[in-house]
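As provided, start.txt (compact mmCIF, C-alpha atoms and all ligand atoms) reads as follows.
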```
# COMPACT_ATOMS: atom_id res chain seq x y z
CA MET A 148 62.71 5.18 1.03
CA PRO A 149 60.69 1.97 0.72
CA LEU A 150 56.96 2.43 0.67
CA LEU A 151 54.19 0.29 2.20
CA ALA A 152 51.09 0.26 -0.01
CA PHE A 153 47.55 -0.82 0.88
CA GLU A 154 44.63 -1.55 -1.43
CA THR A 155 41.36 -1.51 0.47
CA SER A 156 38.76 -0.20 -1.95
CA CYS A 157 36.46 -3.16 -2.45
CA ASP A 158 36.40 -6.91 -1.92
CA GLU A 159 40.14 -7.37 -1.59
CA THR A 160 42.54 -6.14 1.05
CA ALA A 161 46.10 -6.11 -0.20
CA ALA A 162 49.51 -4.90 0.87
CA ALA A 163 52.78 -4.44 -1.00
CA VAL A 164 56.27 -3.10 -0.40
CA ILE A 165 57.76 -0.95 -3.16
CA ALA A 166 61.25 0.51 -3.52
CA ASP A 167 62.88 2.16 -6.53
CA GLY A 168 60.05 1.22 -8.87
CA ARG A 169 60.25 -2.46 -7.89
CA VAL A 170 57.66 -4.61 -6.17
CA LEU A 171 59.54 -6.31 -3.30
CA ALA A 172 56.46 -8.05 -1.88
CA SER A 173 52.76 -8.19 -2.72
CA ILE A 174 49.96 -10.07 -0.97
CA VAL A 175 46.19 -10.10 -1.49
CA SER A 176 43.58 -11.25 1.00
CA SER A 177 40.17 -11.74 -0.58
CA GLN A 178 36.85 -11.24 1.17
CA ILE A 179 35.18 -13.41 -1.44
CA LYS A 180 33.95 -15.95 1.16
CA MET A 181 32.23 -13.16 3.06
CA HIS A 182 30.63 -11.67 -0.07
CA GLU A 183 29.67 -15.06 -1.51
CA GLU A 184 26.99 -15.33 1.17
CA TYR A 185 25.37 -12.17 -0.17
CA GLY A 186 25.93 -12.85 -3.91
CA GLY A 187 28.02 -9.71 -4.36
CA VAL A 188 30.13 -7.09 -2.65
CA VAL A 189 28.48 -5.41 0.33
CA PRO A 190 30.21 -2.00 0.52
CA GLU A 191 29.76 -1.67 4.28
CA LEU A 192 31.45 -5.00 4.86
CA ALA A 193 34.27 -4.11 2.48
CA ALA A 194 34.71 -0.67 4.06
CA ARG A 195 35.34 -2.10 7.52
CA GLU A 196 38.65 -3.39 6.23
CA LYS A 197 39.97 0.19 5.68
CA ALA A 198 42.81 0.89 8.06
CA ALA A 199 45.75 2.32 6.07
CA GLN A 200 45.45 5.77 7.56
CA ALA A 201 45.41 4.40 11.10
CA VAL A 202 48.58 2.43 10.38
CA ALA A 203 50.34 5.52 8.98
CA PHE A 204 49.21 7.55 11.98
CA SER A 205 50.34 5.02 14.55
CA LEU A 206 53.74 4.52 12.87
CA ARG A 207 54.14 8.32 12.38
CA ARG A 208 54.75 7.90 8.64
CA PRO A 209 53.55 10.20 5.84
CA PHE A 210 50.38 9.06 4.07
CA LEU A 211 49.50 9.40 0.39
CA GLY A 212 46.00 8.58 -0.83
CA ILE A 213 45.88 6.87 -4.25
CA HIS A 214 42.74 6.68 -6.37
CA HIS A 215 41.90 3.03 -7.03
CA HIS A 216 41.07 3.59 -10.70
CA GLU A 217 44.09 5.77 -11.29
CA ALA A 218 46.20 2.85 -10.08
CA HIS A 219 44.38 0.52 -12.51
CA LEU A 220 45.01 3.10 -15.24
CA TYR A 221 48.80 2.90 -14.85
CA SER A 222 49.02 -0.82 -13.98
CA PRO A 223 49.76 -1.78 -17.65
CA TRP A 224 53.08 0.10 -17.18
CA ILE A 225 54.27 -2.42 -14.61
CA ARG A 226 56.17 -5.34 -16.09
CA GLY A 227 58.34 -8.32 -15.29
CA ASN A 228 58.87 -10.88 -12.59
CA PRO A 229 59.31 -9.54 -9.97
CA PRO A 230 57.16 -6.67 -11.30
CA ALA A 231 58.75 -3.25 -11.77
CA ALA A 232 57.67 0.13 -13.14
CA ASP A 233 58.22 0.53 -16.88
CA PHE A 234 57.32 4.20 -17.34
CA SER A 235 60.29 4.78 -19.68
CA GLN A 236 58.12 3.21 -22.37
CA PHE A 237 55.14 5.46 -21.60
CA GLU A 238 53.16 6.97 -24.48
CA PRO A 239 49.73 8.63 -24.70
CA ASN A 240 46.98 6.01 -24.85
CA ILE A 241 43.34 5.10 -24.62
CA SER A 242 42.84 3.05 -21.48
CA LEU A 243 39.94 0.74 -20.71
CA ILE A 244 39.34 0.08 -17.02
CA VAL A 245 36.94 -2.79 -16.72
CA SER A 246 36.18 -4.41 -13.38
CA GLY A 247 33.35 -5.48 -11.12
CA GLY A 248 32.61 -1.91 -10.12
CA HIS A 249 33.50 0.13 -13.19
CA THR A 250 33.73 0.20 -16.95
CA MET A 251 35.37 3.34 -18.27
CA LEU A 252 37.34 4.66 -21.19
CA VAL A 253 40.04 7.16 -20.34
CA HIS A 254 42.26 9.28 -22.59
CA VAL A 255 45.69 9.29 -20.96
CA GLU A 256 47.18 12.35 -22.60
CA SER A 257 50.51 12.28 -20.79
CA GLU A 258 51.89 10.65 -17.68
CA LEU A 259 49.53 11.41 -14.76
CA LYS A 260 47.28 13.54 -17.00
CA HIS A 261 44.06 11.82 -18.00
CA ARG A 262 40.49 12.55 -18.94
CA VAL A 263 37.53 10.20 -18.57
CA LEU A 264 35.79 9.84 -21.96
CA GLY A 265 32.91 7.68 -20.86
CA SER A 266 31.78 5.10 -18.37
CA THR A 267 28.92 2.75 -17.76
CA LEU A 268 25.50 4.28 -17.26
CA ASP A 269 24.37 1.29 -15.17
CA ASP A 270 26.11 -2.04 -14.54
CA ALA A 271 29.85 -2.55 -14.98
CA ALA A 272 30.99 -5.29 -17.38
CA GLY A 273 32.29 -7.44 -14.49
CA GLU A 274 29.02 -6.91 -12.66
CA CYS A 275 27.22 -8.15 -15.79
CA PHE A 276 29.38 -11.32 -15.78
CA ASP A 277 28.65 -11.77 -12.06
CA LYS A 278 24.88 -11.12 -12.29
CA VAL A 279 24.46 -13.36 -15.33
CA GLY A 280 26.42 -15.97 -13.38
CA LYS A 281 23.99 -15.64 -10.49
CA LEU A 282 21.06 -16.20 -12.90
CA LEU A 283 22.88 -19.34 -14.07
CA ARG A 284 23.51 -20.39 -10.44
CA LEU A 285 27.28 -20.05 -10.74
CA ALA A 286 29.42 -19.10 -7.73
CA TYR A 287 30.57 -15.51 -7.08
CA PRO A 288 32.52 -13.95 -8.70
CA ALA A 289 31.20 -15.61 -11.84
CA GLY A 290 33.48 -13.88 -14.40
CA PRO A 291 36.27 -16.48 -14.25
CA ILE A 292 33.72 -19.34 -14.26
CA VAL A 293 31.90 -17.94 -17.31
CA ASP A 294 35.31 -17.59 -18.99
CA ARG A 295 36.09 -21.25 -18.30
CA LEU A 296 32.66 -22.59 -19.33
CA ALA A 297 32.60 -20.39 -22.45
CA ALA A 298 35.77 -22.10 -23.72
CA GLY A 299 33.65 -25.21 -24.41
CA GLY A 300 30.71 -23.35 -25.99
CA LYS A 301 29.68 -21.65 -29.25
CA SER A 302 29.69 -17.85 -29.07
CA THR A 303 27.18 -17.61 -31.93
CA ALA A 304 24.68 -20.02 -30.32
CA PHE A 305 22.38 -17.27 -28.99
CA ASN A 306 21.93 -13.81 -30.39
CA LEU A 307 22.17 -11.35 -27.49
CA PRO A 308 22.17 -7.54 -27.62
CA ARG A 309 25.40 -5.50 -27.72
CA PRO A 310 24.16 -2.40 -25.87
CA MET A 311 25.38 0.99 -27.16
CA ILE A 312 27.90 -0.63 -29.52
CA THR A 313 26.94 1.72 -32.37
CA ASP A 314 26.41 4.71 -30.10
CA ALA A 315 28.81 7.53 -31.09
CA GLY A 316 29.69 8.33 -27.46
CA ASP A 317 32.09 6.50 -25.14
CA ASP A 318 29.57 5.43 -22.50
CA PHE A 319 28.55 1.84 -21.85
CA SER A 320 25.45 0.05 -20.61
CA PHE A 321 25.23 -3.57 -19.56
CA SER A 322 22.00 -3.88 -17.57
CA GLY A 323 19.92 -4.53 -20.72
CA LEU A 324 22.12 -7.49 -21.64
CA LYS A 325 21.67 -8.93 -18.15
CA THR A 326 17.89 -8.46 -18.47
CA SER A 327 17.89 -10.21 -21.87
CA VAL A 328 19.64 -13.19 -20.30
CA ARG A 329 17.14 -13.18 -17.43
CA TYR A 330 14.19 -13.40 -19.89
CA PHE A 331 16.01 -15.96 -22.00
CA VAL A 332 16.64 -18.21 -18.99
CA ARG A 333 13.01 -17.76 -17.86
CA ASP A 334 11.66 -18.72 -21.30
CA HIS A 335 14.20 -21.50 -22.00
CA PRO A 336 15.06 -23.00 -18.59
CA GLU A 337 16.23 -26.23 -20.22
CA VAL A 338 19.18 -24.48 -21.93
CA ALA A 339 21.08 -23.68 -18.72
CA GLN A 340 20.33 -27.14 -17.36
CA SER A 341 22.41 -28.99 -19.94
CA ALA A 342 26.21 -28.71 -19.90
CA GLU A 343 26.25 -27.91 -23.62
CA GLY A 344 23.52 -25.26 -23.35
CA LEU A 345 25.22 -23.64 -20.37
CA ALA A 346 28.55 -23.49 -22.22
CA ASP A 347 26.86 -21.98 -25.31
CA LEU A 348 25.04 -19.40 -23.20
CA CYS A 349 28.24 -18.43 -21.35
CA ALA A 350 30.11 -18.12 -24.66
CA SER A 351 27.33 -15.99 -26.17
CA VAL A 352 27.12 -13.63 -23.17
CA GLN A 353 30.89 -13.32 -23.00
CA GLN A 354 31.06 -12.56 -26.73
CA ALA A 355 28.42 -9.83 -26.44
CA ILE A 356 30.32 -8.14 -23.58
CA VAL A 357 33.71 -8.47 -25.30
CA ASP A 358 32.38 -7.14 -28.64
CA VAL A 359 31.16 -3.96 -26.92
CA LEU A 360 34.37 -3.44 -24.95
CA VAL A 361 36.74 -4.02 -27.87
CA THR A 362 34.72 -2.11 -30.48
CA LYS A 363 34.33 1.00 -28.34
CA THR A 364 37.95 1.01 -27.14
CA VAL A 365 39.40 0.73 -30.64
CA ARG A 366 36.98 3.35 -31.96
CA ALA A 367 38.04 5.85 -29.27
CA ALA A 368 41.73 5.21 -30.04
CA LYS A 369 41.13 5.87 -33.74
CA ARG A 370 39.13 9.01 -33.09
CA LEU A 371 41.70 10.50 -30.71
CA ARG A 372 44.63 9.39 -32.90
CA VAL A 373 46.68 7.75 -30.19
CA GLY A 374 49.14 4.96 -31.07
CA CYS A 375 48.57 2.88 -27.97
CA VAL A 376 45.74 1.07 -26.17
CA THR A 377 45.96 -0.17 -22.57
CA ALA A 378 43.54 -2.19 -20.45
CA SER A 379 43.31 -3.21 -16.81
CA GLY A 380 40.85 -4.37 -14.16
CA GLY A 381 39.53 -7.84 -13.35
CA VAL A 382 37.63 -8.38 -16.63
CA THR A 383 40.86 -7.99 -18.64
CA CYS A 384 41.79 -11.45 -17.27
CA ASN A 385 39.10 -12.75 -19.61
CA ARG A 386 40.73 -14.88 -22.28
CA ARG A 387 38.29 -13.99 -25.06
CA PHE A 388 38.80 -10.30 -24.30
CA ARG A 389 42.59 -10.66 -24.40
CA THR A 390 42.54 -12.45 -27.77
CA GLN A 391 40.03 -10.12 -29.38
CA ILE A 392 41.63 -6.84 -28.24
CA THR A 393 45.03 -8.17 -29.35
CA ASP A 394 43.68 -8.96 -32.83
CA ALA A 395 41.77 -5.67 -33.12
CA CYS A 396 44.80 -3.59 -32.08
CA SER A 397 47.14 -5.40 -34.44
CA ALA A 398 44.66 -4.86 -37.31
CA GLU A 399 44.72 -1.11 -36.58
CA ASN A 400 48.47 -0.95 -35.82
CA PHE A 401 47.96 0.13 -32.21
CA ARG A 402 50.53 -0.91 -29.64
CA LEU A 403 48.67 -2.79 -26.92
CA ARG A 404 49.54 -3.04 -23.24
CA LEU A 405 47.39 -5.32 -21.13
CA ALA A 406 48.07 -5.34 -17.41
CA ASP A 407 49.78 -8.59 -16.40
CA ARG A 408 47.26 -11.12 -15.09
CA GLU A 409 48.35 -10.81 -11.45
CA LEU A 410 47.97 -7.03 -11.71
CA CYS A 411 44.57 -7.08 -13.50
CA THR A 412 42.59 -7.79 -10.36
CA ASP A 413 42.88 -5.61 -7.28
CA ASN A 414 46.33 -5.50 -5.74
CA ALA A 415 48.51 -3.15 -3.73
CA ALA A 416 51.54 -3.32 -6.05
CA MET A 417 49.81 -0.98 -8.53
CA ILE A 418 48.93 1.40 -5.68
CA GLY A 419 52.53 1.52 -4.44
CA ILE A 420 54.11 1.89 -7.88
CA LEU A 421 51.84 4.84 -8.70
CA ALA A 422 52.37 6.38 -5.24
CA GLU A 423 56.13 6.26 -5.65
CA ARG A 424 55.87 7.71 -9.17
CA LYS A 425 53.73 10.59 -7.89
CA LEU A 426 56.13 11.32 -5.05
CA ARG A 427 59.03 11.36 -7.51
CA MET A 428 57.10 13.75 -9.74
CA GLY A 429 56.66 16.09 -6.78
CA GLN A 430 53.16 15.32 -5.53
CA PRO A 431 52.87 16.25 -1.83
CA VAL A 432 51.69 13.67 0.72
CA THR A 433 48.01 13.83 1.68
CA ASP A 434 46.77 15.01 5.07
CA LEU A 435 46.10 12.15 7.42
CA ASP A 436 42.44 13.11 7.51
CA ALA A 437 41.95 12.46 3.76
CA ASP A 438 38.29 11.63 3.21
CA ILE A 439 37.13 8.12 2.50
CA LEU A 440 34.31 8.35 -0.01
CA PRO A 441 32.17 5.58 -1.46
CA SER A 442 32.96 6.92 -4.92
CA TRP A 443 35.61 9.42 -5.95
CA PRO A 444 35.67 11.02 -9.41
CA LEU A 445 38.76 10.11 -11.45
CA SER A 446 38.82 13.35 -13.44
CA PRO A 447 39.74 16.46 -11.40
O1 LIG A 501 39.36 -5.34 -10.65
P1 LIG A 501 38.64 -6.37 -9.85
O2 LIG A 501 39.45 -7.43 -9.15
O3 LIG A 501 37.79 -5.71 -8.71
C1 LIG A 501 37.03 -4.56 -8.88
O4 LIG A 501 37.59 -3.46 -8.69
O5 LIG A 501 35.84 -4.74 -9.22
O6 LIG A 501 37.55 -7.05 -10.81
C2 LIG A 501 36.69 -8.08 -10.37
C3 LIG A 501 35.73 -8.40 -11.51
C4 LIG A 501 34.61 -9.36 -11.10
O7 LIG A 501 33.39 -8.86 -11.60
C5 LIG A 501 34.99 -10.66 -11.82
O8 LIG A 501 33.89 -11.46 -12.17
C6 LIG A 501 35.69 -10.12 -13.06
O9 LIG A 501 36.44 -9.01 -12.59
N1 LIG A 501 36.59 -11.12 -13.67
C7 LIG A 501 36.37 -11.68 -14.87
C8 LIG A 501 37.41 -12.62 -15.07
N2 LIG A 501 38.24 -12.57 -13.98
C9 LIG A 501 37.71 -11.64 -13.12
N3 LIG A 501 35.40 -11.48 -15.77
C10 LIG A 501 35.45 -12.22 -16.91
N4 LIG A 501 36.40 -13.13 -17.17
C11 LIG A 501 37.41 -13.36 -16.29
N5 LIG A 501 38.34 -14.27 -16.54
ZN ZN A 502 39.65 -2.73 -9.20
```

How does this structure look as structure tokens?
Amino acid sequence: MPLLAFETSCDETAAAVIADGRVLASIVSSQIKMHEEYGGVVPELAAREKAAQAVAFSLRRPFLGIHHHEAHLYSPWIRGNPPAADFSQFEPNISLIVSGGHTMLVHVESELKHRVLGSTLDDAAGECFDKVGKLLRLAYPAGPIVDRLAAGGKSTAFNLPRPMITDAGDDFSFSGLKTSVRYFVRDHPEVAQSAEGLADLCASVQQAIVDVLVTKTVRAAKRLRVGCVTASGGVTCNRRFRTQITDACSAENFRLRLADRELCTDNAAMIGILAERKLRMGQPVTDLDADILPSWPLSP
């Protein structure tokens, strides 16, 4: 039976139709205009868009709740145009979920069995891109703009901290990097005012974030002896990240699966593909009164 999927967790509202592991349709409506006014996502505004359960109720259809991050976690196993599930290739992996709301490393031990290894103790990596962008007076979300400006800059121009990069654990921290940029911009206001300085600063910040993400992901994969690394979430659209993780994984002989660009940012196709997979694997539908929580743990 075809399945109608909704993605309503944050600043996007998306819908998709899935049948037999294939994405038949997928649309995304962004609330970016609304959040731009506030310089970030306002959870209460985003939450008003939640209506999937009401739709299921009114159409008398079964409802299955899907964890947003769990959908990100399996989005690298969707391939092709039009996109379709590719779980036949599945293998245990270390997965990096890196978005505006979260930065986490997950050990995916087998299909639908995963364990969170670590996550950010403060800001998410995407949030760091966005907050640094705000300091530099860039529009929201700033991640894609920093990516574009950084392409014309020198990543070694300014020496910024790589928080927790040598820490033995799998947690992250990005608020200190943001604070360093704040002090730097306060003490050197002229840098961000020239096109060259701005490009160099964007490239340096981006490099600091990417170094932390790539180093810690590869280290976890080595430690847990998996043969595969996957990554998803908005920040994996970042071109420097994609190049650097590709190089690092090929140096260590890890197979790498990055979610396709259209599936990196929030979308309902990943929700529907995972929902269908779970139903096929025998997961019962959720009660219609499933709770909506501001934050739901990914590990059981
Ligand atoms: O996964 P996503 O669409 O939504 C969340 O669940 O948060 O991720 C959005 C985040 C934003 O912080 C945005 O700035 C960041 O992903 N982002 C990027 C790039 N594209 C999106 N960050 C760096 N470089 C990019 N190219
Ligand atoms: Zn997301």

Per residue of chain A within 6 Å of ligand ZN 502 (chain A), record the nearest atom pair and its distance in Å to one decimal, counting only C-alpha atoms and all ligand atoms, with rows in chain order and ascending residue number, as JSON lines.
```
{"residue": "A:Ser246", "atom": "CA", "partner": "A:ZN502", "partner_atom": "ZN", "distance": 5.7}
{"residue": "A:Gly380", "atom": "CA", "partner": "A:ZN502", "partner_atom": "ZN", "distance": 5.4}
{"residue": "A:Thr412", "atom": "CA", "partner": "A:ZN502", "partner_atom": "ZN", "distance": 6.0}
{"residue": "A:Asp413", "atom": "CA", "partner": "A:ZN502", "partner_atom": "ZN", "distance": 4.7}
```

Keeping C-alpha atoms for every residue in the selection just given, could you write it to a file as a compact mmCIF listing (two decimals), in the frame of the given file?
```txt
# COMPACT_ATOMS: atom_id res chain seq x y z
CA SER A 246 36.18 -4.41 -13.38
CA GLY A 380 40.85 -4.37 -14.16
CA THR A 412 42.59 -7.79 -10.36
CA ASP A 413 42.88 -5.61 -7.28
```

- Find the residues near ligand LIG 501 (chain A). Use a cut-off of 6 Å, count only C-alpha atoms and all ligand atoms, and write them as an NGL selection string. :A and (246-248 or 273-274 or 276-277 or 288-291 or 294 or 380-382 or 384-385 or 412-413)

- Message: Using all atoms listed in the file, which protein or nucleic acid residues come within 10 Å of Leu410 of chain A? Drop anything in the same chain fewer than 3 positions from it, and give the result as an MDAnalysis selection string.
- Response: chainID A and resid 219 222:223 225:226 230 379:381 383:384 405:407 413:417

- Find the residue from A:Gly299, A:Gly429, A:Gly344, A:Pro239 that sits nearest to Thr377 of chain A; use only C-alpha atoms when measuring. A:Pro239

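With all atoms listed in the file as the atoms that count, the residue of A:Gln340, A:Ser302, A:Ser327, A:Ser322 with the shortest distance to Asp270 of chain A is A:Ser322.
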
With 3 Å on each side, where is the centre of the axis-aligned box around all listed atoms of segment 290-299 of chain A, and how long are its edges in Å to one decimal, as lines of an AutoDock Vina configuration file?
```
center_x = 34.1
center_y = -19.5
center_z = -19.3
size_x = 10.4
size_y = 17.3
size_z = 16.2
```

- From the set A:Arg309, A:Arg169, A:His214, A:Arg329, which residue has the shortest atom-to-atom contact distance to Asn228 of chain A, counting only C-alpha atoms? A:Arg169

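Between Tyr330 of chain A and the residues A:Met311, A:Val293, A:Val365, A:Val279, the shortest atom-to-atom distance, using only C-alpha atoms, involves A:Val279.
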